[in-house]
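The file structure.txt comes next; it holds compact mmCIF, C-alpha atoms.
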```
# COMPACT_ATOMS: atom_id res chain seq x y z
CA MET A 28 0.00 0.00 0.00
CA ARG A 29 1.37 3.41 -0.98
CA HIS A 30 0.07 6.87 -0.08
CA LEU A 31 0.55 9.28 -3.02
CA PRO A 32 -0.04 12.91 -1.97
CA ALA A 33 -1.62 15.13 -4.63
CA ASP A 34 1.22 17.65 -4.45
CA GLY A 35 3.65 14.96 -5.66
CA TYR A 36 1.92 14.10 -8.96
CA ALA A 37 4.20 14.69 -11.96
CA GLU A 38 3.03 17.11 -14.66
CA GLN A 39 3.16 16.00 -18.29
CA PRO A 40 1.89 17.58 -21.52
CA TRP A 41 -1.21 16.09 -23.11
CA VAL A 42 -0.58 13.84 -26.10
CA ASN A 43 -2.38 16.39 -28.31
CA GLY A 44 -0.46 19.31 -26.79
CA GLY A 45 -3.65 21.05 -25.62
CA GLY A 46 -2.95 21.03 -21.89
CA VAL A 47 -1.19 19.38 -18.97
CA THR A 48 -2.03 16.26 -16.99
CA ARG A 49 -0.82 15.30 -13.54
CA GLU A 50 0.11 11.63 -13.60
CA ILE A 51 -0.72 9.82 -10.37
CA ALA A 52 0.56 6.32 -11.20
CA ARG A 53 1.13 3.98 -14.13
CA ALA A 54 2.17 0.44 -14.90
CA ALA A 55 4.60 0.17 -17.79
CA SER A 56 3.61 -2.10 -20.65
CA PRO A 57 5.79 -4.96 -21.87
CA GLU A 58 4.50 -4.13 -25.38
CA PRO A 59 6.97 -1.73 -27.06
CA ALA A 60 4.22 0.15 -28.92
CA ALA A 61 1.96 0.57 -25.84
CA PRO A 62 2.56 3.57 -23.55
CA PHE A 63 1.26 1.76 -20.42
CA ASP A 64 -0.80 -1.17 -19.13
CA TRP A 65 -2.78 1.18 -16.86
CA ARG A 66 -2.57 4.83 -15.87
CA LEU A 67 -4.24 7.12 -13.32
CA SER A 68 -4.06 10.87 -13.89
CA MET A 69 -5.94 14.09 -13.28
CA ALA A 70 -6.11 17.11 -15.53
CA PRO A 71 -7.64 20.55 -15.72
CA VAL A 72 -9.71 21.14 -18.85
CA MET A 73 -9.65 24.88 -19.47
CA ALA A 74 -11.32 25.13 -22.87
CA THR A 75 -13.59 23.32 -25.27
CA GLY A 76 -11.66 21.11 -27.70
CA PRO A 77 -10.55 17.64 -28.77
CA PHE A 78 -9.37 14.96 -26.36
CA SER A 79 -6.11 13.10 -26.94
CA THR A 80 -6.55 9.78 -28.74
CA PHE A 81 -5.09 6.63 -27.16
CA PRO A 82 -5.11 3.61 -29.51
CA GLY A 83 -6.08 0.36 -27.77
CA ILE A 84 -6.98 2.11 -24.51
CA ASP A 85 -10.22 2.03 -22.52
CA ARG A 86 -10.75 5.00 -20.25
CA THR A 87 -13.07 6.26 -17.56
CA LEU A 88 -13.34 9.97 -16.88
CA THR A 89 -14.82 11.47 -13.72
CA VAL A 90 -15.32 15.24 -13.29
CA ILE A 91 -13.91 16.04 -9.82
CA GLU A 92 -14.14 19.86 -9.92
CA GLY A 93 -16.33 22.23 -11.87
CA ALA A 94 -19.82 22.08 -13.38
CA GLY A 95 -19.15 19.32 -15.91
CA LEU A 96 -18.62 18.81 -19.60
CA VAL A 97 -20.28 17.35 -22.66
CA LEU A 98 -18.38 14.62 -24.52
CA ALA A 99 -19.06 13.87 -28.17
CA ILE A 100 -17.49 10.47 -28.87
CA GLY A 101 -17.28 9.51 -32.53
CA THR A 102 -20.75 9.63 -34.05
CA ASP A 103 -22.56 8.66 -30.81
CA GLU A 104 -24.99 11.02 -29.10
CA ALA A 105 -23.17 13.46 -26.82
CA GLU A 106 -22.88 12.52 -23.14
CA VAL A 107 -23.24 15.02 -20.29
CA LEU A 108 -20.67 14.33 -17.56
CA LEU A 109 -21.60 15.79 -14.19
CA PRO A 110 -19.29 15.86 -11.15
CA GLY A 111 -18.72 12.57 -9.36
CA ARG A 112 -20.23 10.35 -12.06
CA PRO A 113 -17.65 8.11 -13.79
CA PHE A 114 -18.10 7.64 -17.54
CA ALA A 115 -16.35 4.87 -19.51
CA PHE A 116 -15.50 5.18 -23.21
CA PRO A 117 -12.94 3.94 -25.74
CA GLY A 118 -9.82 6.10 -25.83
CA ASP A 119 -9.18 5.39 -29.49
CA VAL A 120 -12.37 7.01 -30.81
CA PRO A 121 -12.11 10.74 -31.65
CA THR A 122 -13.66 12.66 -28.75
CA HIS A 123 -14.53 16.34 -28.41
CA ALA A 124 -15.29 18.02 -25.08
CA ALA A 125 -17.39 21.14 -24.45
CA LEU A 126 -17.33 22.78 -21.03
CA ILE A 127 -20.72 23.30 -19.42
CA GLU A 128 -19.81 26.33 -17.30
CA GLY A 129 -16.13 27.13 -17.01
CA PRO A 130 -13.06 24.95 -16.45
CA ILE A 131 -13.20 21.52 -14.84
CA THR A 132 -10.72 19.04 -13.38
CA ASP A 133 -11.10 15.37 -14.20
CA LEU A 134 -9.71 12.06 -13.04
CA ASN A 135 -8.76 9.66 -15.83
CA VAL A 136 -8.35 5.92 -15.39
CA MET A 137 -6.98 4.23 -18.51
CA THR A 138 -6.17 0.58 -19.21
CA ARG A 139 -4.64 -1.16 -22.21
CA ARG A 140 -7.41 -3.23 -23.82
CA GLY A 141 -6.72 -6.96 -23.60
CA ALA A 142 -4.12 -6.52 -20.81
CA PHE A 143 -6.08 -4.82 -18.00
CA ALA A 144 -9.66 -3.88 -17.17
CA HIS A 145 -10.83 -1.30 -14.66
CA SER A 146 -13.85 0.10 -12.90
CA VAL A 147 -14.42 3.36 -11.03
CA THR A 148 -17.09 3.49 -8.32
CA PRO A 149 -18.05 6.56 -6.26
CA ALA A 150 -18.32 5.94 -2.50
CA ARG A 151 -19.35 8.18 0.37
CA ASP A 152 -20.14 5.70 3.10
CA PRO A 153 -17.53 3.28 4.46
CA ALA A 154 -16.60 0.72 1.80
CA ALA A 155 -14.05 -2.04 1.28
CA LEU A 156 -11.63 -2.40 -1.62
CA GLN A 157 -9.22 -5.21 -2.40
CA GLY A 158 -6.08 -4.63 -4.48
CA PRO A 159 -4.85 -4.16 -7.02
CA GLY A 160 -6.48 -0.76 -7.28
CA ALA A 161 -6.66 2.63 -5.62
CA VAL A 162 -8.71 4.90 -3.40
CA PHE A 163 -8.84 8.47 -4.76
CA ALA A 164 -9.99 10.93 -2.06
CA LEU A 165 -12.43 13.62 -3.17
CA GLU A 166 -12.23 15.15 0.31
CA PRO A 167 -9.99 14.54 3.33
CA MET A 168 -10.64 11.10 4.78
CA GLN A 169 -9.05 8.25 6.65
CA VAL A 170 -8.41 4.84 5.08
CA ASP A 171 -7.13 2.11 7.41
CA GLY A 172 -5.27 4.63 9.57
CA VAL A 173 -3.85 6.60 6.61
CA MET A 174 -5.03 10.20 6.44
CA LEU A 175 -5.65 11.20 2.81
CA GLY A 176 -5.91 14.82 1.79
CA ARG A 177 -8.17 16.04 -1.01
CA PHE A 178 -7.12 14.37 -4.32
CA ASP A 179 -4.56 12.10 -2.60
CA THR A 180 -4.43 8.49 -3.76
CA LEU A 181 -3.87 5.28 -1.83
CA MET A 182 -2.50 2.63 -4.21
CA LEU A 183 -3.26 -0.98 -3.32
CA ASP A 184 -1.06 -3.87 -4.37
CA PRO A 185 -2.50 -7.34 -5.04
CA GLY A 186 -3.64 -8.84 -1.75
CA ASP A 187 -4.03 -5.46 0.01
CA GLU A 188 -7.48 -4.88 1.47
CA VAL A 189 -8.68 -1.62 2.99
CA ALA A 190 -11.81 -0.15 4.49
CA THR A 191 -12.53 3.52 3.83
CA GLY A 192 -13.90 5.77 6.51
CA PRO A 193 -16.73 8.18 5.87
CA GLY A 194 -15.94 10.66 3.11
CA ALA A 195 -16.31 10.99 -0.64
CA CYS A 196 -13.88 8.97 -2.73
CA LEU A 197 -13.55 7.00 -5.94
CA LEU A 198 -12.77 3.29 -5.65
CA ILE A 199 -10.65 2.18 -8.60
CA ARG A 200 -10.30 -1.51 -9.42
CA LEU A 201 -7.55 -2.69 -11.75
CA GLU A 202 -7.63 -6.26 -13.00
CA ALA A 203 -5.21 -8.10 -15.24
CA VAL A 204 -6.97 -9.76 -18.15
CA THR A 205 -6.04 -13.41 -18.57
CA THR A 206 -6.44 -15.14 -21.88
```
Written as structure tokens, that's how I'd like the structure from this file.
Amino acid sequence: MRHLPADGYAEQPWVNGGGVTREIARAASPEPAAPFDWRLSMAPVMATGPFSTFPGIDRTLTVIEGAGLVLAIGTDEAEVLLPGRPFAFPGDVPTHAALIEGPITDLNVMTRRGAFAHSVTPARDPAALQGPGAVFALEPMQVDGVMLGRFDTLMLDPGDEVATGPGACLLIRLEAVTT
């Protein structure tokens, strides 16, 4: 189990050059052409525009600050993303975002299709999570004796099991896909 404070996340430019993301954690991929097996990051979205495209990646986006945004994914009907509601979509389909009312900050969970799968579940009441995965704190909270600040992450290794205290968080499950 590792506590990752929000002020320690590394900044990186977006793939499309339109902004900056703060990478929380990643697992490197053994595939030379794949950037990662899984990745957790958060990013401010300051303006309407296209999202970066990630071939072979499934992603879940959760608005964690701001009013929300509208995602147009390929030719599908646009989706309204409101704060605290995770939304899963393929990262390799062209996606355009429109801000609802000013800038937002989002949490991105991305996994390499065929190697890993993930889920993101909002929790407010005490909940249990078994690793591998993470607890992303939306407000200060305690998890098994570890005090998490707002936007801190507690990474769980396989076999780790934690119980969250009261407080808003996102429970992130990461699962290796076996063939």
Skip stretch 84-99 of chain A itself and residues of its chain fewer than 4 positions away, then list as a PyMOL selection string all residues within 6 Å of it, counting all atoms listed in the file.
chain A and resi 105-118+122-128+131-140
What's around stretch 168-182 of chain A at 8 Å? Count only C-alpha atoms, leave out sequence neighbours fewer than 6 positions away in its own chain, and write the answer as number ranges by chain.
A: 28-33, 51, 159-162, 189-195
Let's have the selection written as an mmCIF file, in the coordinates of the input, with C-alpha atoms.
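As a result, again-v3.cif now contains:
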```
data_model
loop_
_atom_site.group_PDB
_atom_site.id
_atom_site.type_symbol
_atom_site.label_atom_id
_atom_site.label_comp_id
_atom_site.auth_asym_id
_atom_site.auth_seq_id
_atom_site.Cartn_x
_atom_site.Cartn_y
_atom_site.Cartn_z
ATOM 1 C CA MET A 28 0.000 0.000 0.000
ATOM 2 C CA ARG A 29 1.370 3.410 -0.980
ATOM 3 C CA HIS A 30 0.070 6.870 -0.080
ATOM 4 C CA LEU A 31 0.550 9.280 -3.020
ATOM 5 C CA PRO A 32 -0.040 12.910 -1.970
ATOM 6 C CA ALA A 33 -1.620 15.130 -4.630
ATOM 7 C CA ILE A 51 -0.720 9.820 -10.370
ATOM 8 C CA PRO A 159 -4.850 -4.160 -7.020
ATOM 9 C CA GLY A 160 -6.480 -0.760 -7.280
ATOM 10 C CA ALA A 161 -6.660 2.630 -5.620
ATOM 11 C CA VAL A 162 -8.710 4.900 -3.400
ATOM 12 C CA VAL A 189 -8.680 -1.620 2.990
ATOM 13 C CA ALA A 190 -11.810 -0.150 4.490
ATOM 14 C CA THR A 191 -12.530 3.520 3.830
ATOM 15 C CA GLY A 192 -13.900 5.770 6.510
ATOM 16 C CA PRO A 193 -16.730 8.180 5.870
ATOM 17 C CA GLY A 194 -15.940 10.660 3.110
ATOM 18 C CA ALA A 195 -16.310 10.990 -0.640
#
```
Using all atoms listed in the file, pick whichever of A:Asp34, A:Glu202, A:Glu166, A:Asp119 has the shortest atom-to-atom distance to A:Pro82.
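Ranking A:Asp34, A:Glu202, A:Glu166, A:Asp119 by distance to A:Pro82, first place goes to A:Asp119.
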What does the structure give for the distance between atom CA of A:Gly45 and atom CA of A:Leu165, in Å to one decimal?
25.2 Å
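Atom CA of A:Leu183 is found 12.9 Å from atom CA of A:Ala54.
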Under the rule that all atoms listed in the file are counted, which of A:Pro57, A:Phe78, A:Pro71, A:Ala164 is the nearest residue to A:Val42?
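The answer is A:Phe78, which sits nearest to A:Val42.
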